[in-house]
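Chemist: Below is target-v4.cif; it holds mmCIF, C-alpha atoms.
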data_input
loop_
_atom_site.group_PDB
_atom_site.id
_atom_site.type_symbol
_atom_site.label_atom_id
_atom_site.label_comp_id
_atom_site.auth_asym_id
_atom_site.auth_seq_id
_atom_site.Cartn_x
_atom_site.Cartn_y
_atom_site.Cartn_z
ATOM 1 C CA MET A 21 113.527 94.806 101.350
ATOM 2 C CA GLY A 22 116.526 93.656 99.459
ATOM 3 C CA LYS A 23 119.748 95.545 98.898
ATOM 4 C CA LYS A 24 120.828 98.251 96.497
ATOM 5 C CA ARG A 25 124.103 98.070 94.658
ATOM 6 C CA SER A 26 126.312 100.993 95.691
ATOM 7 C CA ARG A 27 127.879 103.475 93.262
ATOM 8 C CA GLU A 28 131.296 103.466 94.937
ATOM 9 C CA VAL A 29 132.229 99.929 93.908
ATOM 10 C CA ASP A 30 130.584 99.784 90.497
ATOM 11 C CA ALA A 31 127.462 97.908 91.570
ATOM 12 C CA GLN A 32 129.264 95.305 93.670
ATOM 13 C CA GLY A 33 128.477 96.560 97.192
ATOM 14 C CA ASP A 34 125.140 96.460 99.001
ATOM 15 C CA VAL A 35 123.078 98.813 101.119
ATOM 16 C CA SER A 36 120.821 97.022 103.604
ATOM 17 C CA MET A 37 117.127 97.873 103.727
ATOM 18 C CA THR A 38 114.203 97.035 105.962
ATOM 19 C CA GLU A 39 112.015 94.178 104.745
ATOM 20 C CA PRO A 40 108.315 95.071 104.292
ATOM 21 C CA THR A 41 105.507 92.564 104.807
ATOM 22 C CA VAL A 42 102.517 92.395 102.482
ATOM 23 C CA HIS A 43 99.202 91.182 103.884
ATOM 24 C CA LYS A 44 96.817 89.314 101.600
ATOM 25 C CA ARG A 45 93.183 88.943 102.647
ATOM 26 C CA ASN A 46 91.293 85.756 101.767
ATOM 27 C CA ASP A 47 88.894 86.456 98.905
ATOM 28 C CA ASP A 48 86.032 84.435 100.376
ATOM 29 C CA ASP A 49 85.866 86.121 103.755
ATOM 30 C CA ASP A 50 85.382 89.756 104.744
ATOM 31 C CA SER A 51 86.574 89.144 108.286
ATOM 32 C CA SER A 52 89.563 91.186 109.477
ATOM 33 C CA SER A 53 90.685 88.634 112.071
ATOM 34 C CA ASP A 54 94.241 87.330 112.085
ATOM 35 C CA GLU A 55 93.023 83.836 111.218
ATOM 36 C CA ASP A 56 91.759 85.090 107.853
ATOM 37 C CA MET A 57 95.018 86.695 106.763
ATOM 38 C CA ASP A 58 97.794 85.167 104.712
ATOM 39 C CA ILE A 59 101.244 86.691 105.234
ATOM 40 C CA VAL A 60 103.298 87.087 102.079
ATOM 41 C CA ASN A 61 106.923 88.136 102.493
ATOM 42 C CA VAL A 62 108.186 89.768 99.314
ATOM 43 C CA ASP A 63 111.891 90.390 98.810
ATOM 44 C CA PHE A 64 112.234 93.713 96.993
ATOM 45 C CA GLU A 65 115.637 94.758 95.721
ATOM 46 C CA LEU A 66 116.912 98.151 94.634
ATOM 47 C CA PHE A 67 119.205 98.298 91.624
ATOM 48 C CA ASN A 68 121.123 100.931 89.723
ATOM 49 C CA TYR A 69 119.789 101.487 86.217
ATOM 50 C CA ASP A 70 120.920 99.138 83.464
ATOM 51 C CA SER A 71 120.393 100.520 79.951
ATOM 52 C CA GLN A 72 120.225 96.984 78.552
ATOM 53 C CA ILE A 73 117.380 95.967 80.859
ATOM 54 C CA ASP A 74 115.400 98.907 82.228
ATOM 55 C CA PHE A 75 114.374 100.984 79.206
ATOM 56 C CA HIS A 76 110.938 99.430 78.633
ATOM 57 C CA GLY A 77 110.013 99.129 82.299
ATOM 58 C CA VAL A 78 110.898 102.773 82.979
ATOM 59 C CA LYS A 79 109.073 103.929 79.855
ATOM 60 C CA SER A 80 105.929 102.092 80.935
ATOM 61 C CA LEU A 81 106.024 103.726 84.368
ATOM 62 C CA LEU A 82 106.625 107.153 82.800
ATOM 63 C CA ARG A 83 103.518 106.633 80.689
ATOM 64 C CA GLN A 84 101.597 105.966 83.893
ATOM 65 C CA LEU A 85 103.128 108.994 85.636
ATOM 66 C CA PHE A 86 102.153 111.478 82.922
ATOM 67 C CA ASP A 87 98.752 109.859 82.461
ATOM 68 C CA ALA A 88 96.585 111.511 79.796
ATOM 69 C CA ASP A 89 99.414 113.826 78.681
ATOM 70 C CA ALA A 90 102.005 111.075 78.174
ATOM 71 C CA THR A 91 101.647 111.337 74.392
ATOM 72 C CA LEU A 92 102.959 114.911 74.522
ATOM 73 C CA PHE A 93 106.474 113.766 75.407
ATOM 74 C CA ASP A 94 109.345 111.843 73.883
ATOM 75 C CA LEU A 95 109.130 109.101 76.489
ATOM 76 C CA SER A 96 111.723 106.997 74.687
ATOM 77 C CA GLY A 97 114.247 109.812 74.858
ATOM 78 C CA LEU A 98 113.377 110.515 78.485
ATOM 79 C CA SER A 99 113.754 106.836 79.364
ATOM 80 C CA ASP A 100 117.175 106.807 77.722
ATOM 81 C CA LEU A 101 118.272 109.795 79.828
ATOM 82 C CA ILE A 102 117.147 108.048 82.997
ATOM 83 C CA VAL A 103 118.685 104.616 82.406
ATOM 84 C CA GLU A 104 121.970 106.056 81.126
ATOM 85 C CA GLN A 105 122.354 107.976 84.406
ATOM 86 C CA ASN A 106 123.088 104.794 86.290
ATOM 87 C CA THR A 107 124.658 106.083 89.506
ATOM 88 C CA ILE A 108 121.695 108.229 90.576
ATOM 89 C CA GLY A 109 118.335 106.766 91.497
ATOM 90 C CA SER A 110 116.970 103.240 91.656
ATOM 91 C CA THR A 111 114.707 100.657 90.190
ATOM 92 C CA CYS A 112 112.827 98.385 92.574
ATOM 93 C CA LYS A 113 112.354 94.775 91.473
ATOM 94 C CA VAL A 114 111.369 91.352 92.739
ATOM 95 C CA ASP A 115 113.424 88.183 92.281
ATOM 96 C CA ASP A 116 116.009 89.291 89.753
ATOM 97 C CA LYS A 117 117.730 92.309 88.194
ATOM 98 C CA ALA A 118 116.639 91.130 84.738
ATOM 99 C CA ASN A 119 112.945 91.699 85.536
ATOM 100 C CA ASP A 120 111.012 94.860 84.782
ATOM 101 C CA ALA A 121 110.943 97.541 87.461
ATOM 102 C CA TYR A 122 108.017 97.683 89.860
ATOM 103 C CA ALA A 123 109.059 101.226 90.786
ATOM 104 C CA PHE A 124 111.672 103.783 89.805
ATOM 105 C CA LEU A 125 113.084 107.034 91.167
ATOM 106 C CA THR A 126 115.540 109.474 89.616
ATOM 107 C CA VAL A 127 116.559 113.124 89.426
ATOM 108 C CA LEU A 128 117.670 114.914 86.254
ATOM 109 C CA ASN A 129 119.453 118.271 86.024
ATOM 110 C CA MET A 130 117.039 120.365 83.946
ATOM 111 C CA GLN A 131 119.616 123.063 83.231
ATOM 112 C CA GLU A 132 122.247 120.536 82.174
ATOM 113 C CA HIS A 133 119.868 118.750 79.785
ATOM 114 C CA ARG A 134 117.645 121.658 78.713
ATOM 115 C CA ALA A 135 118.770 121.479 75.052
ATOM 116 C CA LYS A 136 117.695 117.836 74.786
ATOM 117 C CA GLN A 137 114.199 117.278 73.428
ATOM 118 C CA PRO A 138 112.681 115.344 76.361
ATOM 119 C CA ILE A 139 113.745 117.980 78.906
ATOM 120 C CA ALA A 140 112.893 120.894 76.594
ATOM 121 C CA GLN A 141 109.389 119.441 76.281
ATOM 122 C CA LEU A 142 109.040 119.073 80.036
ATOM 123 C CA LEU A 143 110.338 122.584 80.699
ATOM 124 C CA GLU A 144 107.713 124.064 78.386
ATOM 125 C CA TYR A 145 104.944 121.794 79.641
ATOM 126 C CA LEU A 146 105.579 122.251 83.372
ATOM 127 C CA SER A 147 105.923 126.016 82.982
ATOM 128 C CA ASP A 148 102.646 126.158 81.047
ATOM 129 C CA ARG A 149 100.742 123.944 83.482
ATOM 130 C CA ALA A 150 102.127 125.826 86.514
ATOM 131 C CA ARG A 151 100.692 129.076 85.145
ATOM 132 C CA THR A 152 97.192 127.625 85.555
ATOM 133 C CA ASN A 153 97.541 127.465 89.359
ATOM 134 C CA ASP A 154 98.501 130.497 91.465
ATOM 135 C CA SER A 155 100.034 128.153 94.045
ATOM 136 C CA LEU A 156 102.671 127.235 91.434
ATOM 137 C CA ALA A 157 103.509 130.787 90.357
ATOM 138 C CA ALA A 158 107.153 130.386 91.434
ATOM 139 C CA VAL A 159 107.771 127.439 89.091
ATOM 140 C CA PRO A 160 107.881 129.105 85.629
ATOM 141 C CA GLU A 161 110.149 131.895 86.854
ATOM 142 C CA LEU A 162 112.555 129.420 88.441
ATOM 143 C CA LEU A 163 112.683 127.201 85.352
ATOM 144 C CA ALA A 164 113.543 130.242 83.223
ATOM 145 C CA SER A 165 116.194 131.522 85.637
ATOM 146 C CA GLY A 166 119.055 129.291 84.523
ATOM 147 C CA LYS A 167 119.423 127.815 88.009
ATOM 148 C CA HIS A 168 120.167 124.121 88.360
ATOM 149 C CA VAL A 169 116.845 122.523 89.231
ATOM 150 C CA GLY A 170 116.606 118.799 89.899
ATOM 151 C CA LEU A 171 113.627 117.207 88.160
ATOM 152 C CA VAL A 172 112.498 114.316 90.353
ATOM 153 C CA LEU A 173 110.540 111.583 88.598
ATOM 154 C CA ALA A 174 109.102 108.693 90.602
ATOM 155 C CA GLU A 175 106.434 106.129 89.840
ATOM 156 C CA ARG A 176 105.433 102.643 90.902
ATOM 157 C CA LEU A 177 102.832 100.005 90.244
ATOM 158 C CA LEU A 178 99.618 100.807 92.059
ATOM 159 C CA ASN A 179 99.766 97.770 94.362
ATOM 160 C CA MET A 180 103.317 98.406 95.587
ATOM 161 C CA PRO A 181 103.634 98.633 99.405
ATOM 162 C CA ALA A 182 104.594 102.126 100.524
ATOM 163 C CA GLU A 183 107.372 100.737 102.738
ATOM 164 C CA VAL A 184 109.649 100.219 99.724
ATOM 165 C CA ILE A 185 109.645 103.926 98.862
ATOM 166 C CA PRO A 186 111.612 105.653 101.698
ATOM 167 C CA PRO A 187 114.760 103.549 101.116
ATOM 168 C CA MET A 188 114.731 104.580 97.447
ATOM 169 C CA TRP A 189 114.643 108.259 98.413
ATOM 170 C CA SER A 190 117.302 107.843 101.103
ATOM 171 C CA CYS A 191 119.630 106.074 98.687
ATOM 172 C CA MET A 192 119.173 108.844 96.144
ATOM 173 C CA VAL A 193 120.040 111.526 98.706
ATOM 174 C CA ASP A 194 123.260 109.666 99.514
ATOM 175 C CA GLU A 195 124.075 109.255 95.815
ATOM 176 C CA ILE A 196 123.528 112.952 95.126
ATOM 177 C CA GLU A 197 125.879 113.869 97.975
ATOM 178 C CA ALA A 198 128.540 111.508 96.575
ATOM 179 C CA ALA A 199 128.076 112.906 93.077
ATOM 180 C CA VAL A 200 128.512 116.479 94.301
ATOM 181 C CA GLU A 201 131.733 115.452 96.065
ATOM 182 C CA ASP A 202 132.893 114.025 92.732
ATOM 183 C CA LYS A 203 132.138 117.390 91.050
ATOM 184 C CA GLU A 204 129.270 115.938 89.023
ATOM 185 C CA PRO A 205 126.365 118.290 88.097
ATOM 186 C CA TYR A 206 123.958 117.448 90.897
ATOM 187 C CA GLU A 207 124.254 120.533 93.098
ATOM 188 C CA PHE A 208 120.738 121.926 92.852
ATOM 189 C CA SER A 209 119.065 125.070 94.104
ATOM 190 C CA HIS A 210 115.665 123.327 94.146
ATOM 191 C CA TYR A 211 114.023 120.001 93.447
ATOM 192 C CA LEU A 212 110.860 119.851 91.330
ATOM 193 C CA VAL A 213 108.946 116.665 92.105
ATOM 194 C CA VAL A 214 106.417 115.537 89.491
ATOM 195 C CA SER A 215 103.613 113.302 90.710
ATOM 196 C CA ARG A 216 99.899 112.555 90.353
ATOM 197 C CA THR A 217 96.776 113.044 92.411
ATOM 198 C CA TYR A 218 93.075 112.510 91.812
ATOM 199 C CA ARG A 219 89.631 113.561 92.879
ATOM 200 C CA GLU A 220 86.475 111.510 93.003
ATOM 201 C CA VAL A 221 83.934 113.079 90.676
ATOM 202 C CA ALA A 222 80.378 112.367 89.628
ATOM 203 C CA SER A 223 80.298 110.062 86.625
ATOM 204 C CA ALA A 224 78.900 111.361 83.358
ATOM 205 C CA LEU A 225 76.812 108.165 83.369
ATOM 206 C CA ASP A 226 74.913 109.334 86.463
ATOM 207 C CA GLN A 227 71.760 111.213 85.637
ATOM 208 C CA GLY A 228 69.199 113.456 87.317
ATOM 209 C CA GLU A 229 69.187 114.944 90.801
ATOM 210 C CA ARG A 230 71.615 112.372 92.220
ATOM 211 C CA ARG A 231 74.238 113.334 89.657
ATOM 212 C CA GLN A 232 73.720 117.050 90.249
ATOM 213 C CA LYS A 233 74.103 116.660 94.013
ATOM 214 C CA LYS A 234 77.418 114.817 93.589
ATOM 215 C CA ALA A 235 78.645 117.477 91.183
ATOM 216 C CA ARG A 236 77.987 120.154 93.797
ATOM 217 C CA ASP A 237 79.981 118.355 96.461
ATOM 218 C CA GLU A 238 83.592 119.451 96.609
ATOM 219 C CA ALA A 239 85.841 116.428 96.140
ATOM 220 C CA ALA A 240 88.830 116.097 98.436
ATOM 221 C CA LEU A 241 92.267 115.715 96.901
ATOM 222 C CA GLN A 242 93.563 112.146 97.036
ATOM 223 C CA TYR A 243 97.134 110.956 96.504
ATOM 224 C CA PHE A 244 98.274 108.069 94.328
ATOM 225 C CA HIS A 245 101.520 108.318 96.334
ATOM 226 C CA PRO A 246 100.514 108.726 100.009
ATOM 227 C CA GLU A 247 103.951 110.091 100.918
ATOM 228 C CA ASP A 248 103.259 113.163 98.751
ATOM 229 C CA GLU A 249 100.858 114.437 101.411
ATOM 230 C CA GLU A 250 103.761 114.639 103.862
ATOM 231 C CA MET A 251 106.393 115.832 101.399
ATOM 232 C CA ARG A 252 104.304 118.808 100.281
ATOM 233 C CA LYS A 253 104.570 120.241 103.805
ATOM 234 C CA HIS A 254 108.258 120.904 103.057
ATOM 235 C CA ALA A 255 107.651 122.558 99.686
ATOM 236 C CA VAL A 256 107.842 126.272 98.935
ATOM 237 C CA ALA A 257 105.200 125.684 96.265
ATOM 238 C CA ALA A 258 102.881 122.757 95.608
ATOM 239 C CA GLY A 259 99.723 122.302 93.602
ATOM 240 C CA THR A 260 97.758 120.427 91.004
ATOM 241 C CA TYR A 261 97.116 121.075 87.330
ATOM 242 C CA GLU A 262 94.686 119.716 84.770
ATOM 243 C CA TYR A 263 95.950 117.411 82.062
ATOM 244 C CA THR A 264 95.657 119.080 78.683
ATOM 245 C CA LYS A 265 94.318 115.921 77.032
ATOM 246 C CA GLU A 266 91.945 114.892 79.789
ATOM 247 C CA GLY A 267 88.466 114.267 78.366
ATOM 248 C CA GLU A 268 85.181 114.124 80.239
ATOM 249 C CA ALA A 269 84.931 110.394 79.511
ATOM 250 C CA VAL A 270 88.165 109.584 81.340
ATOM 251 C CA ALA A 271 86.558 109.566 84.774
ATOM 252 C CA ASP A 272 83.984 107.016 83.585
ATOM 253 C CA SER A 273 86.709 104.688 82.329
ATOM 254 C CA LYS A 274 88.306 104.721 85.801
ATOM 255 C CA ARG A 275 85.287 104.161 88.010
ATOM 256 C CA ALA A 276 87.426 101.635 89.935
ATOM 257 C CA PHE A 277 84.529 99.595 91.304
ATOM 258 C CA GLN A 278 83.043 102.709 92.888
ATOM 259 C CA GLU A 279 79.823 104.527 92.169
ATOM 260 C CA MET A 280 81.911 107.624 91.519
ATOM 261 C CA GLY A 281 84.496 108.276 88.818
ATOM 262 C CA ILE A 282 88.133 109.231 89.295
ATOM 263 C CA LYS A 283 89.559 112.406 87.814
ATOM 264 C CA PRO A 284 93.371 112.302 87.835
ATOM 265 C CA CYS A 285 95.440 115.459 87.703
ATOM 266 C CA GLY A 286 99.098 116.364 87.672
ATOM 267 C CA PHE A 287 100.798 117.423 90.883
ATOM 268 C CA VAL A 288 104.143 119.123 91.430
ATOM 269 C CA MET A 289 106.120 120.145 94.504
ATOM 270 C CA LEU A 290 108.987 122.635 94.527
ATOM 271 C CA ILE A 291 111.406 122.017 97.402
ATOM 272 C CA GLU A 292 114.469 124.083 98.272
ATOM 273 C CA ALA A 293 117.665 122.033 98.222
ATOM 274 C CA GLU A 294 118.451 122.672 101.891
ATOM 275 C CA LYS A 295 115.046 121.266 102.870
ATOM 276 C CA PHE A 296 115.113 118.218 100.620
ATOM 277 C CA GLN A 297 116.864 115.830 103.006
ATOM 278 C CA GLY A 298 114.451 116.791 105.782
ATOM 279 C CA ALA A 299 111.535 116.086 103.457
ATOM 280 C CA VAL A 300 112.938 112.644 102.657
ATOM 281 C CA GLN A 301 113.356 111.891 106.366
ATOM 282 C CA ALA A 302 109.808 113.064 107.010
ATOM 283 C CA ILE A 303 108.277 110.698 104.483
ATOM 284 C CA ALA A 304 110.262 107.799 105.965
ATOM 285 C CA GLU A 305 108.777 108.600 109.371
ATOM 286 C CA TYR A 306 105.328 109.138 107.844
ATOM 287 C CA VAL A 307 105.285 105.804 106.028
ATOM 288 C CA GLY A 308 106.671 104.043 109.088
ATOM 289 C CA SER A 309 103.978 105.443 111.375
ATOM 290 C CA ALA A 310 101.222 104.630 108.902
ATOM 291 C CA SER A 311 102.259 101.009 108.371
#
How would this structure read if it were set down as structure tokens?
Modeler:
Amino acid sequence: MGKKRSREVDAQGDVSMTEPTVHKRNDDDDSSSDEDMDIVNVDFELFNYDSQIDFHGVKSLLRQLFDADATLFDLSGLSDLIVEQNTIGSTCKVDDKANDAYAFLTVLNMQEHRAKQPIAQLLEYLSDRARTNDSLAAVPELLASGKHVGLVLAERLLNMPAEVIPPMWSCMVDEIEAAVEDKEPYEFSHYLVVSRTYREVASALDQGERRQKKARDEAALQYFHPEDEEMRKHAVAAGTYEYTKEGEAVADSKRAFQEMGIKPCGFVMLIEAEKFQGAVQAIAEYVGSAS
């Protein structure tokens, strides 16, 4: 892992990170022995947002995060909000600051920005989607309460190693604490983390008894972001919701080299502010133990 520029010295200081290692298996051999593995050391760096560089990369990752419902939002306006808030959150890149982000993380004050179109859209959307799942019943009431809720948005390319993620969260916790000391509007009652999950489902292309048997089997929830499984343990409310624009054909278009399709769904976690730092520490330990 590379180093993140610190807010205190206007992007001149560094925060050291742990360097992850990525293993690449030889394509022509299924063996798992050490002799058949190439070791690729990748130097990831965390950067503060730069509005001149990061707009398109962040917008692309937002489109991935919101999946089938991405067209419902002003992603350009949301991207602008994120990159203009350049002392909170990070982009993760390889080689150079000028490259597109491989991952991003940020938190936005929903109460502070509620009159702006991108946040107004998300407030309405998340409240509506939360009403479809009893596990998320607390979300609409909280969003209507006028309390300062931190909207956490995080996404990364699918092949990113999980080891790069905990340092991004830890940096953001430190930056929020510094911002609160500076009397900036980042003192939240709760954090609302927006993410994605999926279930394996029978493809609409499968026919007959085999298809019917798969349809009867209850699919287990899977996580695009493995750390979400640990973070949800610290949430006062967590649950999935269906995308409003998800069609039956979507699963077939994402068969992902499997005999079964993939049905993505939205996922949110509501975490009380006093438990947020503990949740971040827990995912660091979780990712470390799993690597």
Chemist: Run the PyMOL selection byres ((chain A and resi 248-258) around 9) on the file and write out the hits as a compact mmCIF listing (two decimals) with C-alpha atoms, in the frame of the given file.
Modeler:
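Generated file (expr.txt):
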# COMPACT_ATOMS: atom_id res chain seq x y z
CA SER A 155 100.03 128.15 94.04
CA LEU A 156 102.67 127.24 91.43
CA ALA A 157 103.51 130.79 90.36
CA ALA A 158 107.15 130.39 91.43
CA VAL A 159 107.77 127.44 89.09
CA SER A 215 103.61 113.30 90.71
CA GLN A 242 93.56 112.15 97.04
CA TYR A 243 97.13 110.96 96.50
CA PHE A 244 98.27 108.07 94.33
CA HIS A 245 101.52 108.32 96.33
CA PRO A 246 100.51 108.73 100.01
CA GLU A 247 103.95 110.09 100.92
CA GLY A 259 99.72 122.30 93.60
CA THR A 260 97.76 120.43 91.00
CA PHE A 287 100.80 117.42 90.88
CA VAL A 288 104.14 119.12 91.43
CA MET A 289 106.12 120.14 94.50
CA LEU A 290 108.99 122.64 94.53
CA ILE A 291 111.41 122.02 97.40
CA GLU A 292 114.47 124.08 98.27
CA LYS A 295 115.05 121.27 102.87
CA PHE A 296 115.11 118.22 100.62
CA GLY A 298 114.45 116.79 105.78
CA ALA A 299 111.54 116.09 103.46
CA VAL A 300 112.94 112.64 102.66
CA ALA A 302 109.81 113.06 107.01
CA ILE A 303 108.28 110.70 104.48
CA TYR A 306 105.33 109.14 107.84
Chemist: Quick one: distance from atom CA of Thr264 of chain A to atom CA of Ser99 of chain A in Å, one decimal?
Modeler: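 Interatomic distance, atom CA of Thr264 of chain A to atom CA of Ser99 of chain A: 21.9 Å.
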Chemist: One decimal, in Å: what's the spacing between atom CA of Tyr211 of chain A and atom CA of Tyr263 of chain A?
Modeler: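 Between atom CA of Tyr211 of chain A and atom CA of Tyr263 of chain A the gap is 21.5 Å.
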Chemist: I'd like to see the residues matched by the PyMOL selection byres ((chain A and resi 88) around 7) on this file, and ideally I'd get them as a list in words.
Modeler: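 For this structure, the PyMOL selection byres ((chain A and resi 88) around 7) resolves to Phe86, Asp87, Asp89, Ala90, Tyr263, Lys265 and Glu266 of chain A.
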Chemist: Could you list the residues chosen by the PyMOL selection byres ((chain A and resi 109) around 10) in this structure as a compact mmCIF listing (two decimals) with C-alpha atoms, in the coordinates of the input?
Modeler:
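Okay, this is what ended up in part-v9.txt:
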# COMPACT_ATOMS: atom_id res chain seq x y z
CA LEU A 66 116.91 98.15 94.63
CA PHE A 67 119.20 98.30 91.62
CA ASN A 68 121.12 100.93 89.72
CA TYR A 69 119.79 101.49 86.22
CA ILE A 102 117.15 108.05 83.00
CA VAL A 103 118.68 104.62 82.41
CA GLN A 105 122.35 107.98 84.41
CA ASN A 106 123.09 104.79 86.29
CA THR A 107 124.66 106.08 89.51
CA ILE A 108 121.70 108.23 90.58
CA SER A 110 116.97 103.24 91.66
CA THR A 111 114.71 100.66 90.19
CA PHE A 124 111.67 103.78 89.80
CA LEU A 125 113.08 107.03 91.17
CA THR A 126 115.54 109.47 89.62
CA VAL A 127 116.56 113.12 89.43
CA LEU A 128 117.67 114.91 86.25
CA VAL A 172 112.50 114.32 90.35
CA LEU A 173 110.54 111.58 88.60
CA ALA A 174 109.10 108.69 90.60
CA MET A 188 114.73 104.58 97.45
CA TRP A 189 114.64 108.26 98.41
CA SER A 190 117.30 107.84 101.10
CA CYS A 191 119.63 106.07 98.69
CA MET A 192 119.17 108.84 96.14
CA VAL A 193 120.04 111.53 98.71
CA ASP A 194 123.26 109.67 99.51
CA GLU A 195 124.08 109.26 95.82
CA ILE A 196 123.53 112.95 95.13
Chemist: Of the residues A:Gln84, A:Gly281, A:Val184, A:Ser96, which is the one nearest to Val62 of chain A, using all atoms listed in the file?
Modeler: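 For Val62 of chain A, the nearest of the candidates is A:Val184.
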